[in-house]
Amino acid sequence: MKYSYALPAGLIASSILFAGCGDNGNNNKGNNSNNEAAATAAATNAPAVNAETSAAAADFTSAIEQYRAYVIEQSDAFVKQTEGFTDAVKAGKLDEAKALYAPARMYYERIEPIAEALGDLDPNIDARENDVDPAEWRGFHKIEQALWQNKTTNGMAEVADQLLKDAQLLRAKVETVDIDESLLVTGAVELLNEVSSSKVTGEEERYSHTDLYDFVANVEGAQKIYELLKPELAKKDPALEKTIGDKFTALLAELAPFKSGDGYVSYETLKEDEVRKLSQNLDALAEPLSNMGTILGV
Amino acid sequence: MKKKVNNLYDNGQEAIEEVKNGTKSGQIFDKKLSRREMLRLTGASGLGLLLGGGGVSGILAASGAVHPAAPAPQASSEDIIPFYGSHQAGILTPAQNFLCFASFDLTTSSIADVKKLLQSWTTAAAALTSGTLIGNANENPNLPPSDTGEADGLTPSKCTITFGVGPSLFDGRYGLASKRPSTFADLPAFAGDSLDPQWCGGDLCVQACADDLQVAFHAIRNLARIARGTAVLRWTQEGFQRTGGADPKGGTPRNLLGFKDGTGNPDVTDAAEMREVVWCGSESPAWMNGGTYMAVRRVRLRIEVWDRSSLSDQEATFGRHRKSGAPIGATDEFAKLNLDAADPAGKPVIPPDSHSALAHGDGTVKMLRRSYSFSSGMDLTTGQLDAGLLFISFQKDLVKQFVSIQKRLAKNDRLNEYMVHTGSAVFACLPGVREGGYLGEALLG
Ligand code: HEM
């Protein structure tokens, strides 16, 4: 914001000076801001930022540190839960494996953008059928297909071992993954985009229909980032900060009725209008959230 | 990249010359200069300058300022339909080539949010109809651009955006119940209706018309985006008619049944008649003074059946000749409908149950129709085309005008054999907005 607006204004000034229009040159500051106001008055729910407020560069060190700690904590739990799940698969305990599947995945879904930044880990862990070459398909969804569609754990021992290894590799790599403020900002939006492109449609968990677990986890992961950036956001654009907070609340309230015990109901039980409403609430949140980039200096 | 820089340089030189000669210098500081033009001028001249100084690549990289490379086509004045005025545009405006219609449901429970939405929509509509980018974040690399950009560089294409509020806005949610005019309610059920809730109702509507479909779509898309969190799309429909390019003489457009549609419309240039037929006056609540009521019916045409009927059946259905559009027995499209004319055997020349005869009635009740054809792919059940007419009419009194005519039609119209009404909505199209004001100010202010 600061850069792009300062730029045309500065350019007007230099053009004018170059052209030797002394009168305008003397006045150009006031005139420019008028022009800017007129030209940019169009209101949208994009954040109202101006050059002044974005001048001081924000310090994200603490937010980044806290986020790394969160990622480590989530991946620790992810490895542990995945181990429980893969043990059950290998022991041929079909029902137990099914029960452990979705809760384990939530730890992953909360930090998905990080995994995506780590090369092949995301497809190895989370690819769905058709995402990759059939010969290379592995990970959670391959086991999901075995458990729910083929109703067996047979033949899955190797896949389970590999999955656990991939989870451990993820845990090792998050220690050193590069995290900067723009990864936080884009990561939050990506988490919600994940929801709208595959969870809302029920494509993610096409055999188990546990999409709501992923849905909730993605939203929680985005919320965590929002919480960490909130102080900075409150300084720069308090209205945006409040809007995002309100929309998180609204979306979580919309999800609440679908809770069932420790988990969530099958996505198949949702009616068309319930899905649409979730999707609309998600868009209502993602739109303002996508403007969090306003806190980034250029 | 290289080519772009060269272009920039050329534009830059030109702009500098203009400033030097004083031809554009006044305009640069003229508030009315569009944002797009301003960027073009300032960006181009400034970059040209900096190029001289050797710093252009860094600036381009930092700002992402590619605007100057593609100077916007100069919008001629006949390409812009002013948004501000005592009435909203898009009502008397001769129908543009394309329509994008959207009905919205409010999701907020706060009337303050509704007001804020209409304020944002007002500002955005003023930008959209003048061909300027929406919002103030189109250059920031860290933010999604506030304008979605697909109309960047396009002319305004006579874009009009017309806003209305539905009867449901006056239910209990916003404390507006007492402001609802008594005749403003959902339409009654008519004989033969086959309404699908998917095509009915809405708290708000936006009718975007333009001579370019992308421009019209851009308007709806951006208004829906601005509404996110306050209102959601309920239904949308795109519409078309023959373009001005395909019909340079600008004759009455034909609907998908092949008949001229609009011949019998009142004269929009006759201000007295428009006050009589279209515009609400002081008899209305203040918030509707200068507004009008819109009836929208999504009518699926059974075109396969129609295509199997003889020309004489088709003409008897409308009471008009297909080729000329003239009433049966006449040769001039605009000849008066003579419903008393009879053949030697005493049979009316224009069948009394023809669409024109029934819709015309005794000629005392009129409305302004501004419909568009639609084609929504195919009906997967029947394998037939899902096409028809998005019937839109404007009138000052829904009950006296639309309802009374549609009651007659629903009962007896020969046309009913070839169509089915699948969607229905009514909206109070707000009075026009003065610069500095906002849509619905008198209702919500
Ligand atoms: C798919 C549905 C419809 C089609 C294809 C259609 C088509 C036509 C055509 C071809 C004409 C004759 C030309 C003209 O005067 O413009 C006409 C006239 C008219 N139609 Fe329709 N129409 C439809 C639905 C309606 C509806 C729902 C209404 C109102 C309730 C309506 C009201 C009128 C009126 C008022 C006239 C002018 C009659 C006069 O000469 O005074 N039409 N329509």
# chains A, B, ... in the order shown; residues from 1 in each chain; ligands from 1
$ closest_atom_pairs --of "chain B" --to "ligand 1" --cutoff "7 Å" --atoms "only C-alpha atoms and all ligand atoms" --output "Markdown table"
| residue | atom | partner | partner_atom_place_in_ligand_line | distance |
| --- | --- | --- | --- | --- |
| B:Asn255 | CA | ligand 1 | 5 (C) | 6.3 |
| B:Leu257 | CA | ligand 1 | 5 (C) | 6.6 |
| B:Phe259 | CA | ligand 1 | 10 (C) | 5.0 |
| B:Lys260 | CA | ligand 1 | 10 (C) | 5.3 |
| B:Asp261 | CA | ligand 1 | 16 (O) | 4.0 |
| B:Gly262 | CA | ligand 1 | 16 (O) | 3.1 |
| B:Thr263 | CA | ligand 1 | 16 (O) | 3.9 |
| B:Gly264 | CA | ligand 1 | 15 (O) | 3.2 |
| B:Asn265 | CA | ligand 1 | 16 (O) | 5.9 |
| B:Arg297 | CA | ligand 1 | 27 (C) | 6.8 |
| B:Val299 | CA | ligand 1 | 1 (C) | 5.1 |
| B:Arg300 | CA | ligand 1 | 1 (C) | 6.8 |
| B:Leu301 | CA | ligand 1 | 1 (C) | 6.2 |
| B:Phe318 | CA | ligand 1 | 10 (C) | 6.0 |
| B:Arg320 | CA | ligand 1 | 12 (C) | 6.9 |
| B:Gly325 | CA | ligand 1 | 13 (C) | 6.8 |
| B:Leu337 | CA | ligand 1 | 40 (O) | 6.5 |
| B:His355 | CA | ligand 1 | 17 (C) | 6.3 |
| B:Ser356 | CA | ligand 1 | 38 (C) | 4.6 |
| B:Ala357 | CA | ligand 1 | 38 (C) | 6.7 |
| B:Ala359 | CA | ligand 1 | 34 (C) | 4.6 |
| B:His360 | CA | ligand 1 | 41 (O) | 3.6 |
| B:Gly363 | CA | ligand 1 | 41 (O) | 6.0 |
| B:Lys366 | CA | ligand 1 | 35 (C) | 5.9 |
| B:Met367 | CA | ligand 1 | 35 (C) | 6.0 |
| B:Gly388 | CA | ligand 1 | 1 (C) | 6.3 |
| B:Leu389 | CA | ligand 1 | 1 (C) | 5.0 |
| B:Phe391 | CA | ligand 1 | 24 (C) | 6.4 |
| B:Phe402 | CA | ligand 1 | 30 (C) | 5.2 |
| B:Val403 | CA | ligand 1 | 30 (C) | 6.7 |
| B:Ile405 | CA | ligand 1 | 30 (C) | 5.0 |
| B:Gln406 | CA | ligand 1 | 30 (C) | 3.7 |
| B:Leu409 | CA | ligand 1 | 30 (C) | 6.7 |
| B:Met419 | CA | ligand 1 | 1 (C) | 6.1 |
$ write_last_selection --atoms "N, CA and C atoms" --output "compact mmCIF listing (two decimals), in the first residue's frame"
# COMPACT_ATOMS: atom_id res chain seq x y z
N ASN B 255 -37.39 -12.12 -29.38
CA ASN B 255 -37.15 -13.11 -28.33
C ASN B 255 -36.86 -14.46 -28.95
N LEU B 257 -38.61 -16.96 -29.35
CA LEU B 257 -39.67 -17.55 -30.15
C LEU B 257 -39.70 -16.89 -31.53
N PHE B 259 -40.17 -13.69 -32.26
CA PHE B 259 -41.05 -12.53 -32.42
C PHE B 259 -40.42 -11.28 -31.81
N LYS B 260 -40.72 -10.14 -32.47
CA LYS B 260 -40.26 -8.86 -31.93
C LYS B 260 -40.92 -8.65 -30.58
N ASP B 261 -40.11 -8.28 -29.63
CA ASP B 261 -40.61 -8.18 -28.25
C ASP B 261 -40.25 -6.80 -27.70
N GLY B 262 -41.27 -6.00 -27.45
CA GLY B 262 -41.04 -4.65 -26.95
C GLY B 262 -41.80 -3.60 -27.74
N THR B 263 -42.43 -4.07 -28.84
CA THR B 263 -43.16 -3.14 -29.71
C THR B 263 -44.20 -2.33 -28.93
N GLY B 264 -44.93 -3.01 -28.10
CA GLY B 264 -46.04 -2.36 -27.41
C GLY B 264 -45.63 -1.59 -26.16
N ASN B 265 -44.34 -1.45 -25.95
CA ASN B 265 -43.90 -0.72 -24.75
C ASN B 265 -44.25 0.76 -24.82
N ARG B 297 -39.72 -12.46 -13.73
CA ARG B 297 -40.22 -13.83 -13.88
C ARG B 297 -39.24 -14.58 -14.76
N VAL B 299 -38.97 -17.31 -17.12
CA VAL B 299 -39.92 -18.08 -17.90
C VAL B 299 -39.18 -19.02 -18.83
N ARG B 300 -39.34 -20.29 -18.57
CA ARG B 300 -38.73 -21.29 -19.45
C ARG B 300 -39.61 -21.42 -20.68
N LEU B 301 -39.03 -21.33 -21.85
CA LEU B 301 -39.82 -21.48 -23.08
C LEU B 301 -39.69 -22.91 -23.58
N PHE B 318 -49.35 -14.88 -30.62
CA PHE B 318 -48.99 -13.53 -30.20
C PHE B 318 -49.99 -12.47 -30.66
N ARG B 320 -49.70 -11.23 -33.53
CA ARG B 320 -48.85 -10.37 -34.37
C ARG B 320 -48.19 -11.21 -35.44
N GLY B 325 -43.74 -7.91 -37.06
CA GLY B 325 -44.11 -7.54 -35.70
C GLY B 325 -45.43 -6.78 -35.67
N LEU B 337 -53.07 -1.79 -32.03
CA LEU B 337 -53.72 -3.09 -31.92
C LEU B 337 -55.22 -2.86 -32.05
N HIS B 355 -51.56 -13.46 -26.94
CA HIS B 355 -50.78 -12.79 -25.89
C HIS B 355 -50.93 -11.27 -25.96
N SER B 356 -50.83 -10.70 -27.15
CA SER B 356 -50.91 -9.25 -27.25
C SER B 356 -52.29 -8.74 -26.84
N ALA B 357 -53.32 -9.43 -27.32
CA ALA B 357 -54.67 -8.97 -27.01
C ALA B 357 -54.91 -9.00 -25.50
N ALA B 359 -52.67 -9.15 -23.03
CA ALA B 359 -51.78 -8.26 -22.29
C ALA B 359 -52.21 -6.81 -22.47
N HIS B 360 -52.70 -6.51 -23.66
CA HIS B 360 -53.11 -5.14 -23.95
C HIS B 360 -54.39 -4.78 -23.19
N GLY B 363 -56.10 -1.38 -22.90
CA GLY B 363 -55.04 -0.41 -23.18
C GLY B 363 -54.82 0.61 -22.08
N LYS B 366 -50.61 -0.24 -18.30
CA LYS B 366 -49.35 -0.47 -19.01
C LYS B 366 -48.22 -0.79 -18.03
N MET B 367 -47.14 -1.22 -18.62
CA MET B 367 -45.93 -1.46 -17.84
C MET B 367 -44.76 -1.27 -18.80
N GLY B 388 -35.10 -19.47 -22.32
CA GLY B 388 -36.34 -18.76 -22.12
C GLY B 388 -36.15 -17.27 -22.03
N LEU B 389 -37.04 -16.67 -21.27
CA LEU B 389 -37.04 -15.22 -21.15
C LEU B 389 -36.97 -14.85 -19.67
N PHE B 391 -38.15 -12.36 -17.88
CA PHE B 391 -39.08 -11.25 -18.03
C PHE B 391 -38.82 -10.25 -16.90
N PHE B 402 -48.72 -5.13 -12.91
CA PHE B 402 -48.25 -6.48 -13.23
C PHE B 402 -49.28 -7.55 -12.87
N VAL B 403 -49.77 -7.52 -11.66
CA VAL B 403 -50.63 -8.62 -11.21
C VAL B 403 -51.91 -8.70 -12.04
N ILE B 405 -52.48 -7.78 -15.12
CA ILE B 405 -52.23 -8.31 -16.47
C ILE B 405 -51.86 -9.79 -16.42
N GLN B 406 -50.97 -10.14 -15.49
CA GLN B 406 -50.52 -11.53 -15.43
C GLN B 406 -51.66 -12.48 -15.05
N LEU B 409 -53.31 -13.20 -18.26
CA LEU B 409 -52.47 -14.05 -19.09
C LEU B 409 -52.46 -15.49 -18.58
N MET B 419 -44.82 -22.13 -22.61
CA MET B 419 -43.93 -21.60 -21.58
C MET B 419 -44.36 -22.05 -20.19
$ select_by_dssp --residues "region 100-275 of chain B" --states "alpha helix (DSSP H)" --output "MDAnalysis selection string"
chainID B and resid 111:130 213:227 271:275
$ write_last_selection --atoms "C-alpha atoms" --output "short mmCIF file (atom, residue, chain, number, x, y, z; two decimals), in the first residue's frame"
data_model
loop_
_atom_site.label_atom_id
_atom_site.label_comp_id
_atom_site.auth_asym_id
_atom_site.auth_seq_id
_atom_site.Cartn_x
_atom_site.Cartn_y
_atom_site.Cartn_z
CA ILE B 111 -29.37 -2.80 9.89
CA ALA B 112 -26.10 -0.87 10.22
CA ASP B 113 -24.43 -3.56 8.12
CA VAL B 114 -27.16 -3.27 5.51
CA LYS B 115 -26.60 0.45 5.34
CA LYS B 116 -22.86 -0.03 5.07
CA LEU B 117 -23.33 -2.50 2.26
CA LEU B 118 -25.52 -0.11 0.30
CA GLN B 119 -22.97 2.64 0.85
CA SER B 120 -20.15 0.44 -0.41
CA TRP B 121 -22.26 -0.69 -3.33
CA THR B 122 -23.02 2.92 -4.22
CA THR B 123 -19.36 3.86 -4.38
CA ALA B 124 -18.46 0.71 -6.24
CA ALA B 125 -21.32 1.13 -8.73
CA ALA B 126 -20.19 4.66 -9.51
CA ALA B 127 -16.72 3.30 -10.29
CA LEU B 128 -18.00 0.28 -12.23
CA THR B 129 -20.27 2.31 -14.48
CA SER B 130 -17.53 4.81 -15.28
CA LEU B 213 -20.92 -9.46 -21.00
CA GLN B 214 -17.57 -9.40 -19.26
CA VAL B 215 -18.21 -5.86 -18.06
CA ALA B 216 -21.63 -6.86 -16.71
CA PHE B 217 -20.25 -9.99 -15.07
CA HIS B 218 -17.43 -7.98 -13.54
CA ALA B 219 -20.00 -5.72 -11.92
CA ILE B 220 -21.94 -8.57 -10.33
CA ARG B 221 -18.82 -10.42 -9.28
CA ASN B 222 -17.36 -7.42 -7.53
CA LEU B 223 -20.61 -6.43 -5.86
CA ALA B 224 -21.02 -10.00 -4.60
CA ARG B 225 -17.47 -9.88 -3.31
CA ILE B 226 -18.08 -6.63 -1.48
CA ALA B 227 -21.21 -8.16 0.01
CA ALA B 271 -41.72 11.98 -19.30
CA ALA B 272 -45.40 12.35 -18.53
CA GLU B 273 -46.10 8.76 -19.55
CA MET B 274 -43.16 7.52 -17.49
CA ARG B 275 -44.57 9.30 -14.44
#
$ closest_residue --among "B:Ile161, B:Val305, B:Ile91, B:Leu133" --to "chain A" --atoms "only C-alpha atoms"
B:Leu133
$ select_by_dssp --residues "region 234-429 of chain B" --states "strand (DSSP E)" --output "count of residues only"
48
$ closest_residue --among "A:Ala188, A:Ala284, A:Ile295, A:Val79" --to "chain B" --atoms "only C-alpha atoms"
A:Ala284
$ residues_around --residues "Leu212 (chain A)" --least-positions-apart "3" --cutoff "7 Å" --atoms "only C-alpha atoms" --output "number ranges by chain"
A: 215-216, 264, 267
$ write_last_selection --atoms "N, CA and C atoms" --output "PDB file, in the first residue's frame"
ATOM      1  N   PHE A 215     -12.119 -29.871   7.931  1.00  0.00           N
ATOM      2  CA  PHE A 215     -12.699 -28.535   7.842  1.00  0.00           C
ATOM      3  C   PHE A 215     -12.362 -27.755   9.111  1.00  0.00           C
ATOM      4  N   VAL A 216     -12.726 -28.343  10.234  1.00  0.00           N
ATOM      5  CA  VAL A 216     -12.513 -27.669  11.514  1.00  0.00           C
ATOM      6  C   VAL A 216     -11.018 -27.426  11.750  1.00  0.00           C
ATOM      7  N   TYR A 264     -17.010 -35.314  14.774  1.00  0.00           N
ATOM      8  CA  TYR A 264     -18.002 -34.639  13.949  1.00  0.00           C
ATOM      9  C   TYR A 264     -18.816 -35.646  13.160  1.00  0.00           C
ATOM     10  N   TYR A 267     -20.007 -36.310   6.819  1.00  0.00           N
ATOM     11  CA  TYR A 267     -20.341 -35.226   5.895  1.00  0.00           C
ATOM     12  C   TYR A 267     -21.554 -35.574   5.047  1.00  0.00           C
TER      13      TYR A 267
END
$ residues_around --residues "region 285-289 of chain A" --least-positions-apart "4" --cutoff "8 Å" --atoms "only C-alpha atoms" --output "ChimeraX atom specification"
/A:45-46,188-189,192-193,240,243-244,247-248,251,281 /B:225,228-229
$ write_last_selection --atoms "all heavy atoms" --output "short mmCIF file (atom, residue, chain, number, x, y, z; two decimals), in the first residue's frame"
data_model
loop_
_atom_site.label_atom_id
_atom_site.label_comp_id
_atom_site.auth_asym_id
_atom_site.auth_seq_id
_atom_site.Cartn_x
_atom_site.Cartn_y
_atom_site.Cartn_z
N ASN A 45 -14.69 -3.71 1.00
CA ASN A 45 -14.31 -4.09 2.34
C ASN A 45 -12.82 -4.38 2.42
O ASN A 45 -12.34 -4.98 3.35
CB ASN A 45 -15.17 -5.21 2.91
CG ASN A 45 -15.34 -6.31 1.90
OD1 ASN A 45 -14.64 -6.34 0.87
ND2 ASN A 45 -16.26 -7.21 2.18
N ALA A 46 -12.10 -3.93 1.42
CA ALA A 46 -10.65 -3.97 1.52
C ALA A 46 -10.23 -3.00 2.63
O ALA A 46 -10.93 -2.05 2.91
CB ALA A 46 -10.03 -3.56 0.20
N ALA A 188 -2.62 -18.64 6.23
CA ALA A 188 -3.97 -18.57 6.82
C ALA A 188 -5.02 -18.64 5.72
O ALA A 188 -6.01 -19.36 5.82
CB ALA A 188 -4.11 -17.29 7.64
N VAL A 189 -4.79 -17.88 4.67
CA VAL A 189 -5.75 -17.88 3.56
C VAL A 189 -5.76 -19.24 2.86
O VAL A 189 -6.82 -19.77 2.52
CB VAL A 189 -5.43 -16.75 2.55
CG1 VAL A 189 -6.41 -16.77 1.39
CG2 VAL A 189 -5.44 -15.40 3.24
N LEU A 192 -7.94 -21.77 4.47
CA LEU A 192 -9.36 -21.64 4.17
C LEU A 192 -9.66 -22.00 2.72
O LEU A 192 -10.71 -22.56 2.40
CB LEU A 192 -9.84 -20.22 4.48
CG LEU A 192 -9.74 -19.81 5.95
CD1 LEU A 192 -10.46 -18.49 6.17
CD2 LEU A 192 -10.32 -20.88 6.88
N ASN A 193 -8.71 -21.70 1.82
CA ASN A 193 -8.91 -22.07 0.43
C ASN A 193 -8.97 -23.60 0.28
O ASN A 193 -9.74 -24.12 -0.52
CB ASN A 193 -7.79 -21.52 -0.45
CG ASN A 193 -7.89 -20.01 -0.60
OD1 ASN A 193 -8.92 -19.41 -0.24
ND2 ASN A 193 -6.85 -19.39 -1.09
N LEU A 240 -10.64 -4.19 10.48
CA LEU A 240 -10.40 -5.48 9.82
C LEU A 240 -10.17 -6.57 10.86
O LEU A 240 -10.70 -7.68 10.75
CB LEU A 240 -9.19 -5.37 8.89
CG LEU A 240 -8.79 -6.65 8.14
CD1 LEU A 240 -9.90 -7.07 7.17
CD2 LEU A 240 -7.48 -6.47 7.39
N THR A 243 -13.53 -7.50 12.24
CA THR A 243 -14.33 -8.25 11.26
C THR A 243 -13.88 -9.70 11.19
O THR A 243 -14.70 -10.62 11.23
CB THR A 243 -14.21 -7.61 9.86
OG1 THR A 243 -14.59 -6.24 9.96
CG2 THR A 243 -15.12 -8.31 8.86
N ILE A 244 -12.57 -9.90 11.09
CA ILE A 244 -12.07 -11.27 10.98
C ILE A 244 -12.45 -12.06 12.23
O ILE A 244 -12.93 -13.19 12.14
CB ILE A 244 -10.54 -11.28 10.77
CG1 ILE A 244 -10.19 -10.59 9.45
CG2 ILE A 244 -10.00 -12.71 10.78
CD1 ILE A 244 -8.69 -10.43 9.21
N LYS A 247 -16.04 -13.02 12.12
CA LYS A 247 -16.37 -14.05 11.12
C LYS A 247 -15.86 -15.43 11.55
O LYS A 247 -16.47 -16.44 11.20
CB LYS A 247 -15.81 -13.68 9.75
CG LYS A 247 -16.33 -12.36 9.19
CD LYS A 247 -17.84 -12.35 9.02
CE LYS A 247 -18.35 -10.98 8.59
NZ LYS A 247 -19.79 -10.81 8.79
N PHE A 248 -14.75 -15.47 12.30
CA PHE A 248 -14.32 -16.74 12.88
C PHE A 248 -15.40 -17.25 13.83
O PHE A 248 -15.79 -18.42 13.79
CB PHE A 248 -12.99 -16.59 13.63
CG PHE A 248 -11.78 -16.90 12.80
CD1 PHE A 248 -10.82 -15.93 12.54
CD2 PHE A 248 -11.58 -18.17 12.27
CE1 PHE A 248 -9.69 -16.21 11.77
CE2 PHE A 248 -10.44 -18.47 11.51
CZ PHE A 248 -9.51 -17.48 11.26
N LEU A 251 -18.38 -18.57 11.88
CA LEU A 251 -18.15 -19.85 11.20
C LEU A 251 -18.10 -20.99 12.22
O LEU A 251 -18.69 -22.06 12.00
CB LEU A 251 -16.85 -19.79 10.40
CG LEU A 251 -16.44 -21.08 9.67
CD1 LEU A 251 -17.53 -21.52 8.69
CD2 LEU A 251 -15.12 -20.90 8.93
N ASN A 281 -20.34 -18.99 4.88
CA ASN A 281 -19.69 -18.45 6.07
C ASN A 281 -18.17 -18.49 5.93
O ASN A 281 -17.47 -17.62 6.44
CB ASN A 281 -20.11 -19.24 7.32
CG ASN A 281 -21.37 -18.66 7.93
OD1 ASN A 281 -21.33 -17.61 8.56
ND2 ASN A 281 -22.49 -19.31 7.71
N ARG B 225 -18.67 -9.80 -4.15
CA ARG B 225 -17.47 -9.88 -3.31
C ARG B 225 -17.55 -8.87 -2.17
O ARG B 225 -17.26 -9.21 -1.01
CB ARG B 225 -16.25 -9.61 -4.18
CG ARG B 225 -14.94 -9.70 -3.43
CD ARG B 225 -13.80 -9.28 -4.32
NE ARG B 225 -12.53 -9.42 -3.62
CZ ARG B 225 -11.41 -8.83 -4.00
NH1 ARG B 225 -11.42 -8.04 -5.07
NH2 ARG B 225 -10.30 -9.00 -3.33
N ARG B 228 -19.73 -9.99 0.64
CA ARG B 228 -19.35 -11.18 1.41
C ARG B 228 -19.32 -10.85 2.90
O ARG B 228 -18.75 -9.87 3.32
CB ARG B 228 -18.00 -11.70 0.94
CG ARG B 228 -18.03 -13.14 0.55
CD ARG B 228 -16.92 -13.49 -0.41
NE ARG B 228 -17.44 -13.58 -1.78
CZ ARG B 228 -16.66 -13.61 -2.85
NH1 ARG B 228 -15.37 -13.53 -2.76
NH2 ARG B 228 -17.21 -13.71 -4.05
N GLY B 229 -19.97 -11.68 3.68
CA GLY B 229 -20.05 -11.42 5.11
C GLY B 229 -21.31 -10.66 5.49
O GLY B 229 -21.69 -10.62 6.66
#
$ atom_distance --atom1 "CA of Gly221 (chain A)" --atom2 "CA of Ile111 (chain A)"
6.1 Å
$ residues_around --residues "region 98-106 of chain A" --least-positions-apart "4" --cutoff "7 Å" --atoms "only C-alpha atoms" --output "PyMOL selection string"
chain A and resi 78+81-82+85+94+110+147+210+213-214+217
$ write_last_selection --atoms "N, CA and C atoms" --output "CSV table (one decimal), in the first residue's frame"
chain,number,residue,atom,x,y,z
A,78,PHE,N,0.9,-35.1,15.9
A,78,PHE,CA,0.6,-35.7,14.7
A,78,PHE,C,1.3,-37.1,14.6
A,81,GLN,N,-0.2,-39.6,17.2
A,81,GLN,CA,-1.6,-40.1,16.8
A,81,GLN,C,-1.5,-40.9,15.5
A,82,THR,N,-0.6,-40.6,14.6
A,82,THR,CA,-0.4,-41.4,13.4
A,82,THR,C,0.1,-42.7,13.8
A,85,PHE,N,-2.6,-44.8,14.9
A,85,PHE,CA,-3.4,-45.2,13.8
A,85,PHE,C,-2.7,-46.3,13.0
A,94,LEU,N,-9.7,-53.1,12.3
A,94,LEU,CA,-10.4,-52.3,11.3
A,94,LEU,C,-11.1,-51.1,12.0
A,110,ARG,N,-4.1,-28.8,10.5
A,110,ARG,CA,-3.9,-27.5,11.1
A,110,ARG,C,-2.7,-26.8,10.6
A,147,LEU,N,-9.8,-49.0,4.3
A,147,LEU,CA,-10.7,-49.2,5.5
A,147,LEU,C,-12.1,-49.0,5.1
A,210,THR,N,-15.3,-38.0,6.6
A,210,THR,CA,-14.9,-37.3,7.8
A,210,THR,C,-14.4,-35.9,7.5
A,213,TYR,N,-13.9,-33.0,10.1
A,213,TYR,CA,-12.7,-33.0,10.9
A,213,TYR,C,-11.6,-32.1,10.3
A,214,ASP,N,-11.4,-32.3,9.0
A,214,ASP,CA,-10.4,-31.5,8.3
A,214,ASP,C,-10.8,-30.0,8.2
A,217,ALA,N,-10.2,-28.4,11.4
A,217,ALA,CA,-8.8,-28.3,11.7
A,217,ALA,C,-8.2,-27.2,10.8
$ closest_residue --among "B:Thr292, B:Thr381, B:Thr269, B:Gln96" --to "Pro431 (chain B)" --atoms "only C-alpha atoms"
B:Thr292
$ residues_around --residues "Pro113 (chain A)" --least-positions-apart "4" --cutoff "12 Å" --atoms "only C-alpha atoms" --output "number ranges by chain"
A: 71, 108-109, 117-119, 121-122, 174, 177-179, 182-194, 218, 221-222, 225
$ residues_around --residues "Leu390 (chain B)" --least-positions-apart "2" --cutoff "7 Å" --atoms "only C-alpha atoms" --output "compact mmCIF listing (two decimals) with C-alpha atoms, in the first residue's frame"
# COMPACT_ATOMS: atom_id res chain seq x y z
CA VAL B 296 -38.97 -10.54 -12.51
CA ARG B 297 -40.22 -13.83 -13.88
CA ARG B 298 -37.94 -16.52 -15.09
CA VAL B 299 -39.92 -18.08 -17.90
CA SER B 371 -36.65 -8.52 -20.62
CA TYR B 372 -33.67 -10.53 -21.75
CA SER B 373 -33.43 -13.98 -23.27
CA PHE B 374 -31.49 -16.62 -21.44
CA GLY B 388 -36.34 -18.76 -22.12
CA ILE B 392 -38.43 -7.95 -16.28
